[in-house]
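Student: Questions regarding the structure given below will be posed in turn.
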Amino acid sequence: MDSSSGDINLTDLSQNDKRELQQFVSNEAQKAKIQSTVHYLTDMCWKRCITSKISSGQMDSYERPCMENCVERYIDSQMTVLKHLEQMRGSI
Amino acid sequence: MDSFTNTLGVNQQSKKQAWMDKIRTEAAVEQARALIDKVTDNCFEKCVPKPGSTLTSGETTCINQCMEKYMSAWNTVSRKYIERIQAKDI
């Protein structure tokens with residue numbers, strides 16, 4: 001993307017270093033994927049749970065549990081879909 | 001010979017380190033950009049329903065509070081989500 005990308009030549013790294021870098025990249029990719037899911041969930045749950053007008057920088061006693069429940073129920077729904085899909089596949 | 005391999009080792013070490021730092025930085029920048037986008041979207045929606053000729057002080061206060069609230073909500077979601085994906089059932 002920027003001009004400094006070319007400055008780092010990886011071809012003369014040892015096997016060990018290459019392996020370590022691969023592990024590092026795969027960890028970073030995993031982290032990025034989790035963070036992007038968190039962005040998605042925050043956006044969606046915010047729209048559902050933060051419904052009154054903003055009067056402070058903190059979530060109130062309704063909003064916080066609502067955000068937490070929203071995440072939990074979303075994952076439950078995802079699991080339900082997967083489970084049902086599995087059943088449907090078995091019945092074909 | 002010993003000092004030669006050492007130098008080479010250090011050189012490679014710093015090269016590897018530079019590469020990792022670059023990836024970490026890019027990930028952090030991307031992460032910040034995504035958060036700023038979401039905060040702006042959601043707080044504009046909440047705080048500036050009828051855009052006037054200037055941003056009023058009320059709207060500015062609302063945006064600042066909304067931003068803090070959104071970040072706090074982000075942390076809550078992150079904690080919950082990671083808790084869930086680390087649990088056995090997923």
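By convention here, the chains of the structure tokens are called A, B, ... in the order presented, each chain's residues are numbered starting at 1, and ligands are numbered starting at 1 in the order presented.
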Write out as a ChimeraX atom specification the residues lying within 7 Å of Glu68 in chain A, counting only C-alpha atoms and excluding same-chain residues fewer than 5 positions away.
Tutor: /B:76-77,80
Student: Write out, as a CSV table (one decimal), in the first residue's frame, the residues just selected, with N, CA and C atoms.
Tutor:
chain,number,residue,atom,x,y,z
B,76,THR,N,-18.3,-3.5,26.2
B,76,THR,CA,-19.2,-4.5,26.7
B,76,THR,C,-19.5,-5.6,25.8
B,77,VAL,N,-19.7,-5.3,24.5
B,77,VAL,CA,-20.0,-6.3,23.5
B,77,VAL,C,-18.7,-7.2,23.3
B,80,LYS,N,-18.4,-9.6,26.2
B,80,LYS,CA,-19.4,-10.7,26.1
B,80,LYS,C,-19.1,-11.7,25.0
Student: With only C-alpha atoms considered, list every residue of chain B at most 10 Å from chain A, as a JSON list (two decimals) with N, CA and C atoms, in the first residue's frame.
Tutor:
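What ended up in selection.json:
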[["chain", "number", "residue", "atom", "x", "y", "z"],
["B", 9, "GLY", "N", 21.96, -12.59, 12.69],
["B", 9, "GLY", "CA", 20.81, -12.93, 13.51],
["B", 9, "GLY", "C", 20.08, -11.69, 14.00],
["B", 11, "ASN", "N", 20.16, -8.74, 12.70],
["B", 11, "ASN", "CA", 19.59, -8.08, 11.54],
["B", 11, "ASN", "C", 18.23, -8.69, 11.16],
["B", 12, "GLN", "N", 18.22, -10.03, 11.14],
["B", 12, "GLN", "CA", 16.97, -10.71, 10.80],
["B", 12, "GLN", "C", 15.91, -10.48, 11.86],
["B", 13, "GLN", "N", 16.39, -10.49, 13.10],
["B", 13, "GLN", "CA", 15.49, -10.26, 14.21],
["B", 13, "GLN", "C", 14.78, -8.91, 14.05],
["B", 15, "LYS", "N", 14.44, -7.17, 11.38],
["B", 15, "LYS", "CA", 13.62, -7.17, 10.17],
["B", 15, "LYS", "C", 12.26, -7.78, 10.46],
["B", 16, "LYS", "N", 12.32, -8.89, 11.16],
["B", 16, "LYS", "CA", 11.08, -9.58, 11.54],
["B", 16, "LYS", "C", 10.24, -8.67, 12.43],
["B", 17, "GLN", "N", 10.93, -8.04, 13.40],
["B", 17, "GLN", "CA", 10.26, -7.14, 14.33],
["B", 17, "GLN", "C", 9.59, -5.99, 13.57],
["B", 18, "ALA", "N", 10.31, -5.43, 12.60],
["B", 18, "ALA", "CA", 9.77, -4.31, 11.83],
["B", 18, "ALA", "C", 8.50, -4.74, 11.10],
["B", 19, "TRP", "N", 8.54, -5.94, 10.57],
["B", 19, "TRP", "CA", 7.41, -6.47, 9.83],
["B", 19, "TRP", "C", 6.19, -6.64, 10.74],
["B", 20, "MET", "N", 6.44, -7.20, 11.92],
["B", 20, "MET", "CA", 5.34, -7.39, 12.89],
["B", 20, "MET", "C", 4.77, -6.04, 13.33],
["B", 22, "LYS", "N", 4.74, -3.30, 11.71],
["B", 22, "LYS", "CA", 3.98, -2.73, 10.60],
["B", 22, "LYS", "C", 2.58, -3.32, 10.54],
["B", 23, "ILE", "N", 2.50, -4.63, 10.69],
["B", 23, "ILE", "CA", 1.19, -5.29, 10.66],
["B", 23, "ILE", "C", 0.33, -4.84, 11.84],
["B", 24, "ARG", "N", 0.95, -4.77, 13.02],
["B", 24, "ARG", "CA", 0.21, -4.32, 14.21],
["B", 24, "ARG", "C", -0.33, -2.90, 14.01],
["B", 27, "ALA", "N", -3.20, -2.85, 11.55],
["B", 27, "ALA", "CA", -4.42, -3.38, 12.16],
["B", 27, "ALA", "C", -5.04, -2.35, 13.09],
["B", 28, "ALA", "N", -4.21, -1.66, 13.87],
["B", 28, "ALA", "CA", -4.72, -0.67, 14.82],
["B", 28, "ALA", "C", -5.36, 0.51, 14.08],
["B", 30, "GLU", "N", -6.70, 0.48, 11.07],
["B", 30, "GLU", "CA", -7.93, -0.02, 10.47],
["B", 30, "GLU", "C", -9.05, -0.11, 11.51],
["B", 31, "GLN", "N", -8.66, -0.59, 12.68],
["B", 31, "GLN", "CA", -9.57, -0.73, 13.81],
["B", 31, "GLN", "C", -10.13, 0.63, 14.25],
["B", 34, "ALA", "N", -12.57, 2.02, 11.61],
["B", 34, "ALA", "CA", -13.88, 1.37, 11.67],
["B", 34, "ALA", "C", -14.70, 1.92, 12.83],
["B", 35, "LEU", "N", -14.04, 2.11, 13.98],
["B", 35, "LEU", "CA", -14.76, 2.63, 15.14],
["B", 35, "LEU", "C", -15.25, 4.06, 14.90],
["B", 38, "LYS", "N", -18.33, 4.05, 12.68],
["B", 38, "LYS", "CA", -19.54, 3.60, 13.38],
["B", 38, "LYS", "C", -20.03, 4.65, 14.36],
["B", 39, "VAL", "N", -19.11, 5.25, 15.11],
["B", 39, "VAL", "CA", -19.49, 6.29, 16.07],
["B", 39, "VAL", "C", -20.15, 7.46, 15.34],
["B", 41, "ASP", "N", -21.62, 7.56, 12.36],
["B", 41, "ASP", "CA", -22.93, 7.13, 11.85],
["B", 41, "ASP", "C", -23.99, 7.16, 12.93],
["B", 42, "ASN", "N", -23.72, 6.42, 14.02],
["B", 42, "ASN", "CA", -24.74, 6.22, 15.04],
["B", 42, "ASN", "C", -25.01, 7.48, 15.85],
["B", 43, "CYS", "N", -23.98, 8.26, 16.11],
["B", 43, "CYS", "CA", -24.17, 9.47, 16.92],
["B", 43, "CYS", "C", -24.76, 10.61, 16.08],
["B", 46, "LYS", "N", -28.39, 9.86, 16.10],
["B", 46, "LYS", "CA", -29.02, 10.14, 17.39],
["B", 46, "LYS", "C", -29.06, 11.63, 17.72],
["B", 47, "CYS", "N", -27.97, 12.32, 17.44],
["B", 47, "CYS", "CA", -27.81, 13.67, 17.98],
["B", 47, "CYS", "C", -28.17, 14.78, 17.00],
["B", 61, "THR", "N", -22.55, 18.50, 22.63],
["B", 61, "THR", "CA", -22.54, 17.76, 23.89],
["B", 61, "THR", "C", -23.05, 16.36, 23.69],
["B", 62, "CYS", "N", -24.16, 16.25, 22.97],
["B", 62, "CYS", "CA", -24.76, 14.95, 22.70],
["B", 62, "CYS", "C", -23.76, 14.04, 21.98],
["B", 63, "ILE", "N", -23.08, 14.57, 20.98],
["B", 63, "ILE", "CA", -22.12, 13.76, 20.21],
["B", 63, "ILE", "C", -20.97, 13.28, 21.10],
["B", 64, "ASN", "N", -20.49, 14.18, 21.97],
["B", 64, "ASN", "CA", -19.40, 13.78, 22.87],
["B", 64, "ASN", "C", -19.83, 12.68, 23.83],
["B", 65, "GLN", "N", -21.02, 12.84, 24.41],
["B", 65, "GLN", "CA", -21.52, 11.80, 25.33],
["B", 65, "GLN", "C", -21.80, 10.50, 24.59],
["B", 66, "CYS", "N", -22.36, 10.64, 23.40],
["B", 66, "CYS", "CA", -22.70, 9.48, 22.59],
["B", 66, "CYS", "C", -21.45, 8.68, 22.26],
["B", 67, "MET", "N", -20.39, 9.39, 21.95],
["B", 67, "MET", "CA", -19.12, 8.75, 21.63],
["B", 67, "MET", "C", -18.59, 7.92, 22.80],
["B", 68, "GLU", "N", -18.64, 8.52, 23.99],
["B", 68, "GLU", "CA", -18.20, 7.78, 25.19],
["B", 68, "GLU", "C", -19.07, 6.56, 25.42],
["B", 69, "LYS", "N", -20.36, 6.76, 25.21],
["B", 69, "LYS", "CA", -21.31, 5.67, 25.43],
["B", 69, "LYS", "C", -21.09, 4.55, 24.40],
["B", 70, "TYR", "N", -20.83, 4.94, 23.17],
["B", 70, "TYR", "CA", -20.63, 3.94, 22.12],
["B", 70, "TYR", "C", -19.39, 3.10, 22.40],
["B", 71, "MET", "N", -18.32, 3.78, 22.83],
["B", 71, "MET", "CA", -17.09, 3.05, 23.13],
["B", 71, "MET", "C", -17.28, 2.11, 24.31],
["B", 72, "SER", "N", -18.02, 2.58, 25.30],
["B", 72, "SER", "CA", -18.33, 1.74, 26.43],
["B", 72, "SER", "C", -19.17, 0.53, 25.99],
["B", 73, "ALA", "N", -20.11, 0.78, 25.10],
["B", 73, "ALA", "CA", -20.94, -0.32, 24.56],
["B", 73, "ALA", "C", -20.06, -1.29, 23.76],
["B", 74, "TRP", "N", -19.11, -0.76, 23.01],
["B", 74, "TRP", "CA", -18.19, -1.60, 22.22],
["B", 74, "TRP", "C", -17.42, -2.54, 23.14],
["B", 75, "ASN", "N", -16.94, -1.99, 24.25],
["B", 75, "ASN", "CA", -16.18, -2.81, 25.20],
["B", 75, "ASN", "C", -17.06, -3.88, 25.84],
["B", 76, "THR", "N", -18.29, -3.52, 26.15],
["B", 76, "THR", "CA", -19.22, -4.48, 26.73],
["B", 76, "THR", "C", -19.48, -5.63, 25.76],
["B", 77, "VAL", "N", -19.72, -5.29, 24.50],
["B", 77, "VAL", "CA", -19.98, -6.30, 23.48],
["B", 77, "VAL", "C", -18.75, -7.18, 23.28],
["B", 78, "SER", "N", -17.59, -6.55, 23.20],
["B", 78, "SER", "CA", -16.35, -7.28, 23.00],
["B", 78, "SER", "C", -16.14, -8.31, 24.12],
["B", 79, "ARG", "N", -16.34, -7.86, 25.36],
["B", 79, "ARG", "CA", -16.16, -8.75, 26.51],
["B", 79, "ARG", "C", -17.12, -9.93, 26.42],
["B", 80, "LYS", "N", -18.38, -9.64, 26.17],
["B", 80, "LYS", "CA", -19.40, -10.68, 26.10],
["B", 80, "LYS", "C", -19.13, -11.67, 24.96],
["B", 81, "TYR", "N", -18.81, -11.11, 23.80],
["B", 81, "TYR", "CA", -18.60, -11.94, 22.63],
["B", 81, "TYR", "C", -17.41, -12.89, 22.84],
["B", 82, "ILE", "N", -16.33, -12.34, 23.36],
["B", 82, "ILE", "CA", -15.13, -13.17, 23.59],
["B", 82, "ILE", "C", -15.41, -14.23, 24.65],
["B", 83, "GLU", "N", -16.17, -13.84, 25.68],
["B", 83, "GLU", "CA", -16.58, -14.79, 26.71],
["B", 83, "GLU", "C", -17.35, -15.95, 26.07],
["B", 84, "ARG", "N", -18.26, -15.61, 25.16],
["B", 84, "ARG", "CA", -19.08, -16.64, 24.52],
["B", 84, "ARG", "C", -18.28, -17.54, 23.58],
["B", 85, "ILE", "N", -17.42, -16.94, 22.76],
["B", 85, "ILE", "CA", -16.69, -17.80, 21.82],
["B", 85, "ILE", "C", -15.62, -18.64, 22.52],
["B", 89, "ASP", "N", -19.68, -24.10, 24.18],
["B", 89, "ASP", "CA", -20.82, -24.41, 23.31],
["B", 89, "ASP", "C", -20.76, -23.81, 21.90],
["B", 90, "ILE", "N", -19.66, -23.16, 21.52],
["B", 90, "ILE", "CA", -19.64, -22.63, 20.14],
["B", 90, "ILE", "C", -18.45, -23.18, 19.36]]
Student: What does the structure give for the distance between CA of Glu86 in chain A and CA of Lys33 in chain A, in Å to one decimal?
Tutor: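 Pair CA of Glu86 in chain A / CA of Lys33 in chain A returns 24.6 Å.
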Student: Give me every alpha helix (DSSP H) residue in range 17-90 of chain B, going by DSSP on the backbone, as a PyMOL selection string.
Tutor: chain B and resi 17-47+57-86
Student: Please measure the separation of CA of Asp37 in chain B and CA of Asp21 in chain B, giving the value in Å to one decimal.
Tutor: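 Taking CA of Asp37 in chain B and CA of Asp21 in chain B, their separation equals 24.3 Å.
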